[in-house]
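K.L.:
Right, I'll just put the structure down here and ask away after.
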Amino acid sequence: MKESILFRRALLGAACAIALSAQVSERARKVHSDAFVFDGHVHVMNRQLHDGSDIGQRLKGGQVDLPRAKDGGVDAMLFSLYIPEEYYPGRFETKHALRLIDLAQKQIAANSDKIAIALTRGDLDRIHKQGKIAAVLDLEGGFDLDGDLGVLRSLHRLGLRSAQLPAHNWANQFADSCCSAQKHAGGLNEHGRAVVREMNRLGMLINISHAADTTVEQVLETSSAPVVATHHGMRALNDIPRNMPDALMKKLAAKGGVIGFHIGNEFHNRKMFDWRTKNAGKPFWDTSAVKKEEPLTIELVDRRVAPTFPMMGTNAPEDLLFTPEEWIGVIERAITVVGEDHVALGSDFDGGPTPPKGMHDIADLPRLTQAMLNRGWPEARIRKFLGGNLLRVYRQVAAGAK
Ligand SMILES: [Zn+2]
């Protein structure tokens, strides 16, 4: 019985893959492969840490591995190392960050024919010329809840080139998050401003996804370099604290930054967000079930979170999902607010997105290029969205390193 279900699913998967490839024209494939595709948010290493898999192998399930990233035409990615809230009560955030960076360095080295780590301004171009995917290590969640500058510098020495300021959906001691009731810093406190200035000095990308509006505002005032929101949506389309209001998007763009758009319906599609919230009994960013007072060992936390990886979207009814063309309509709405130089892709694959109809994993990214062509986008704008804009900001920020 189980086997026949699996077989039917495999058939369905194969049928979907054929249907999808039929939906991507030769022209779309060419435009996509000629573009520099820079995905601003891809979850990696959490799954690998817990299930021992190798990112260089074509993995069963999930949405990301290097063979599929290659199929999806990816040239660079913010290689997001995620520290879930469960690690914070026991103060394991820095240890977990160190474990993830170590694993990332090991897996990148073991797959050095396919991927290389980007550390300097010119590295993305150099790695691209070698025909490999460039990985910019990005920390999602607190590197240290106290924001110790020595810890930040140590992680930078280990290869970290981008980090979120708040501790994912929790506030830490220096930056408030979008999505927790506790606010400690009034946005960004004086120490938070020191973190921002140190990241500027190191030439690190400052990622304000998951930050509170007050935090975003104050980061933009403090930073000497453009700032990125790697995986986001617009509050004008879905009024949730995790999304950004138009006024802040304009300020982010005025500073030269980019906003990366999350591939998940839950960010942009209100009907699907409501369905998901009703089914889960809570919105997707709600981590209030993680008890602050519960002291656990890191091994127990590992055992608790391991089954949640790779994080996948929901099985929402198909008719609730956006088509890829409707998803591109979201980007068009953003372009009316900030212009085409400030939008980017930040899929969040393996971070729990429910992608547009007919899309399943990172290999399906060419379908977005087809959707952009279907909506009449000029090729120059397609190239900016797929990676040109984020590449510009990466170069600018890295050039500021002192
Ligand atoms: Zn995130």
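Residue numbering restarts at 1 in every chain; chains get A, B, ... in the order shown in the structure tokens, and ligands count up from 1 in that same order.
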Could you report the residues within 7 Å of ligand 1, using only C-alpha atoms and all ligand atoms, as a list in words?

P.N.:
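Every residue with an atom at most 7 Å from ligand 1 is listed here: Glu140, His168, Ser209, His210 and His231 of chain A.
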
K.L.:
Write out as a ChimeraX atom specification all residues of segment 125-364 of chain A that backbone DSSP assigns to helix (DSSP H, G or I).

P.N.:
/A:125-129,149-157,190-202,213-222,246-254,265-268,270-280,298-308,318-320,324-338,362-364

K.L.:
Save the residues we just selected, C-alpha atoms, as a PDB file, in the first residue's frame?

P.N.:
ATOM      1  CA  ASP A 125      33.250  36.994 -10.416  1.00  0.00           C
ATOM      2  CA  ARG A 126      36.318  34.784  -9.963  1.00  0.00           C
ATOM      3  CA  ILE A 127      34.251  31.779  -8.828  1.00  0.00           C
ATOM      4  CA  HIS A 128      31.691  32.369 -11.582  1.00  0.00           C
ATOM      5  CA  LYS A 129      34.444  32.271 -14.210  1.00  0.00           C
ATOM      6  CA  LEU A 149      32.104  42.161  18.736  1.00  0.00           C
ATOM      7  CA  GLY A 150      34.933  39.697  19.385  1.00  0.00           C
ATOM      8  CA  VAL A 151      32.614  36.787  18.545  1.00  0.00           C
ATOM      9  CA  LEU A 152      31.500  38.618  15.406  1.00  0.00           C
ATOM     10  CA  ARG A 153      35.121  39.176  14.315  1.00  0.00           C
ATOM     11  CA  SER A 154      35.970  35.524  15.021  1.00  0.00           C
ATOM     12  CA  LEU A 155      33.080  34.321  12.879  1.00  0.00           C
ATOM     13  CA  HIS A 156      34.188  36.728  10.146  1.00  0.00           C
ATOM     14  CA  ARG A 157      37.673  35.165  10.265  1.00  0.00           C
ATOM     15  CA  GLU A 190      23.894  51.863  21.294  1.00  0.00           C
ATOM     16  CA  HIS A 191      25.517  48.419  21.293  1.00  0.00           C
ATOM     17  CA  GLY A 192      23.484  47.467  18.222  1.00  0.00           C
ATOM     18  CA  ARG A 193      24.870  50.545  16.489  1.00  0.00           C
ATOM     19  CA  ALA A 194      28.381  49.345  17.368  1.00  0.00           C
ATOM     20  CA  VAL A 195      27.558  45.954  15.778  1.00  0.00           C
ATOM     21  CA  VAL A 196      26.377  47.726  12.606  1.00  0.00           C
ATOM     22  CA  ARG A 197      29.528  49.865  12.448  1.00  0.00           C
ATOM     23  CA  GLU A 198      31.744  46.811  12.968  1.00  0.00           C
ATOM     24  CA  MET A 199      29.936  44.927  10.183  1.00  0.00           C
ATOM     25  CA  ASN A 200      30.502  47.974   7.927  1.00  0.00           C
ATOM     26  CA  ARG A 201      34.203  47.951   8.833  1.00  0.00           C
ATOM     27  CA  LEU A 202      34.491  44.215   8.129  1.00  0.00           C
ATOM     28  CA  ASP A 213      10.468  48.231  11.802  1.00  0.00           C
ATOM     29  CA  THR A 214      12.220  50.381  14.430  1.00  0.00           C
ATOM     30  CA  THR A 215      15.378  48.273  14.013  1.00  0.00           C
ATOM     31  CA  VAL A 216      15.310  48.601  10.221  1.00  0.00           C
ATOM     32  CA  GLU A 217      14.837  52.352  10.481  1.00  0.00           C
ATOM     33  CA  GLN A 218      17.766  52.763  12.886  1.00  0.00           C
ATOM     34  CA  VAL A 219      20.061  50.389  10.979  1.00  0.00           C
ATOM     35  CA  LEU A 220      19.466  52.478   7.859  1.00  0.00           C
ATOM     36  CA  GLU A 221      20.385  55.618   9.802  1.00  0.00           C
ATOM     37  CA  THR A 222      23.537  54.024  11.275  1.00  0.00           C
ATOM     38  CA  ASP A 246       6.245  50.619   1.600  1.00  0.00           C
ATOM     39  CA  ALA A 247       7.775  53.558   3.499  1.00  0.00           C
ATOM     40  CA  LEU A 248      10.628  51.393   4.850  1.00  0.00           C
ATOM     41  CA  MET A 249      11.158  49.733   1.472  1.00  0.00           C
ATOM     42  CA  LYS A 250      11.663  53.221   0.021  1.00  0.00           C
ATOM     43  CA  LYS A 251      14.234  54.090   2.705  1.00  0.00           C
ATOM     44  CA  LEU A 252      16.078  50.801   2.146  1.00  0.00           C
ATOM     45  CA  ALA A 253      16.208  51.543  -1.591  1.00  0.00           C
ATOM     46  CA  ALA A 254      17.282  55.168  -1.035  1.00  0.00           C
ATOM     47  CA  ASN A 265       2.976  31.945  -0.929  1.00  0.00           C
ATOM     48  CA  GLU A 266       2.595  32.557   2.816  1.00  0.00           C
ATOM     49  CA  PHE A 267       4.423  35.874   2.504  1.00  0.00           C
ATOM     50  CA  HIS A 268       2.474  37.418  -0.362  1.00  0.00           C
ATOM     51  CA  ARG A 270      -3.238  36.445   1.891  1.00  0.00           C
ATOM     52  CA  LYS A 271      -5.646  33.595   1.163  1.00  0.00           C
ATOM     53  CA  MET A 272      -2.904  31.018   1.502  1.00  0.00           C
ATOM     54  CA  PHE A 273      -1.462  32.746   4.598  1.00  0.00           C
ATOM     55  CA  ASP A 274      -4.895  32.589   6.252  1.00  0.00           C
ATOM     56  CA  TRP A 275      -5.232  28.907   5.325  1.00  0.00           C
ATOM     57  CA  ARG A 276      -1.804  28.088   6.738  1.00  0.00           C
ATOM     58  CA  THR A 277      -2.402  30.075   9.942  1.00  0.00           C
ATOM     59  CA  LYS A 278      -5.757  28.392  10.504  1.00  0.00           C
ATOM     60  CA  ASN A 279      -4.272  24.938   9.967  1.00  0.00           C
ATOM     61  CA  ALA A 280      -1.261  25.475  12.214  1.00  0.00           C
ATOM     62  CA  ILE A 298      22.498  20.953  23.196  1.00  0.00           C
ATOM     63  CA  GLU A 299      22.095  17.236  22.380  1.00  0.00           C
ATOM     64  CA  LEU A 300      18.491  17.326  23.565  1.00  0.00           C
ATOM     65  CA  VAL A 301      17.841  20.459  21.528  1.00  0.00           C
ATOM     66  CA  ASP A 302      19.385  18.713  18.501  1.00  0.00           C
ATOM     67  CA  ARG A 303      17.053  15.757  18.971  1.00  0.00           C
ATOM     68  CA  ARG A 304      14.074  18.067  19.307  1.00  0.00           C
ATOM     69  CA  VAL A 305      14.740  20.124  16.166  1.00  0.00           C
ATOM     70  CA  ALA A 306      16.256  17.452  13.882  1.00  0.00           C
ATOM     71  CA  PRO A 307      12.879  16.210  12.573  1.00  0.00           C
ATOM     72  CA  THR A 308      11.965  19.731  11.413  1.00  0.00           C
ATOM     73  CA  GLU A 318      -3.515  23.958  -5.291  1.00  0.00           C
ATOM     74  CA  ASP A 319      -6.266  26.454  -6.025  1.00  0.00           C
ATOM     75  CA  LEU A 320      -5.026  28.670  -3.169  1.00  0.00           C
ATOM     76  CA  PRO A 324       4.576  31.832 -10.982  1.00  0.00           C
ATOM     77  CA  GLU A 325       3.114  34.702 -13.049  1.00  0.00           C
ATOM     78  CA  GLU A 326       1.076  35.914 -10.042  1.00  0.00           C
ATOM     79  CA  TRP A 327       4.204  35.672  -7.873  1.00  0.00           C
ATOM     80  CA  ILE A 328       6.064  37.840 -10.393  1.00  0.00           C
ATOM     81  CA  GLY A 329       3.138  40.264 -10.078  1.00  0.00           C
ATOM     82  CA  VAL A 330       4.273  40.776  -6.460  1.00  0.00           C
ATOM     83  CA  ILE A 331       7.710  41.889  -7.702  1.00  0.00           C
ATOM     84  CA  GLU A 332       6.035  44.242 -10.165  1.00  0.00           C
ATOM     85  CA  ARG A 333       4.137  45.801  -7.279  1.00  0.00           C
ATOM     86  CA  ALA A 334       7.455  46.241  -5.431  1.00  0.00           C
ATOM     87  CA  ILE A 335       9.032  47.812  -8.505  1.00  0.00           C
ATOM     88  CA  THR A 336       6.318  50.481  -8.492  1.00  0.00           C
ATOM     89  CA  VAL A 337       7.452  51.328  -4.934  1.00  0.00           C
ATOM     90  CA  VAL A 338      11.274  51.060  -5.108  1.00  0.00           C
ATOM     91  CA  ILE A 362      15.574  25.180  -6.426  1.00  0.00           C
ATOM     92  CA  ALA A 363      15.781  23.378  -9.794  1.00  0.00           C
ATOM     93  CA  ASP A 364      12.528  25.110 -10.763  1.00  0.00           C
TER      94      ASP A 364
END

K.L.:
DSSP on the backbone: which residues in segment 320-361 of chain A end up as strand (DSSP E or B)? Give the answer as number ranges by chain.

P.N.:
A: 343-345, 349, 351

K.L.:
Can I get the selected residues back with N, CA and C atoms, as a PDB file, in the first residue's frame?

P.N.:
ATOM      1  N   VAL A 343      15.158  45.218  -6.219  1.00  0.00           N
ATOM      2  CA  VAL A 343      14.447  43.964  -5.963  1.00  0.00           C
ATOM      3  C   VAL A 343      15.380  42.785  -6.274  1.00  0.00           C
ATOM      4  N   ALA A 344      15.192  41.693  -5.539  1.00  0.00           N
ATOM      5  CA  ALA A 344      16.064  40.521  -5.701  1.00  0.00           C
ATOM      6  C   ALA A 344      15.270  39.261  -5.371  1.00  0.00           C
ATOM      7  N   LEU A 345      15.934  38.138  -5.613  1.00  0.00           N
ATOM      8  CA  LEU A 345      15.347  36.839  -5.290  1.00  0.00           C
ATOM      9  C   LEU A 345      15.920  36.361  -3.963  1.00  0.00           C
ATOM     10  N   PHE A 349      14.450  28.466   0.001  1.00  0.00           N
ATOM     11  CA  PHE A 349      14.284  27.018  -0.213  1.00  0.00           C
ATOM     12  C   PHE A 349      14.927  26.249   0.948  1.00  0.00           C
ATOM     13  N   GLY A 351      13.848  26.368   3.772  1.00  0.00           N
ATOM     14  CA  GLY A 351      13.507  27.112   4.980  1.00  0.00           C
ATOM     15  C   GLY A 351      12.011  27.131   5.238  1.00  0.00           C
TER      16      GLY A 351
END

K.L.:
Find, counting only C-alpha atoms, the residue in A:Thr354, A:Thr323, A:Gln396, A:Thr287 that gets nearest to Arg367 of chain A.

P.N.:
A:Thr323

K.L.:
At what distance in Å, to one decimal, does atom CA of Leu66 of chain A lie from atom CA of Leu100 of chain A?

P.N.:
17.3 Å

K.L.:
Residues at most 10 Å from Leu139 of chain A, counting only C-alpha atoms, excluding those fewer than 5 positions away in the same chain, as a ChimeraX atom specification?

P.N.:
/A:78-83,97,100-101,155,160-165,167-168,207

K.L.:
Would you work out the distance separating atom CA of Gly281 of chain A from atom CA of Ser180 of chain A, expressed in Å to one decimal?

P.N.:
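Atom CA of Ser180 of chain A lies 16.7 Å from atom CA of Gly281 of chain A.
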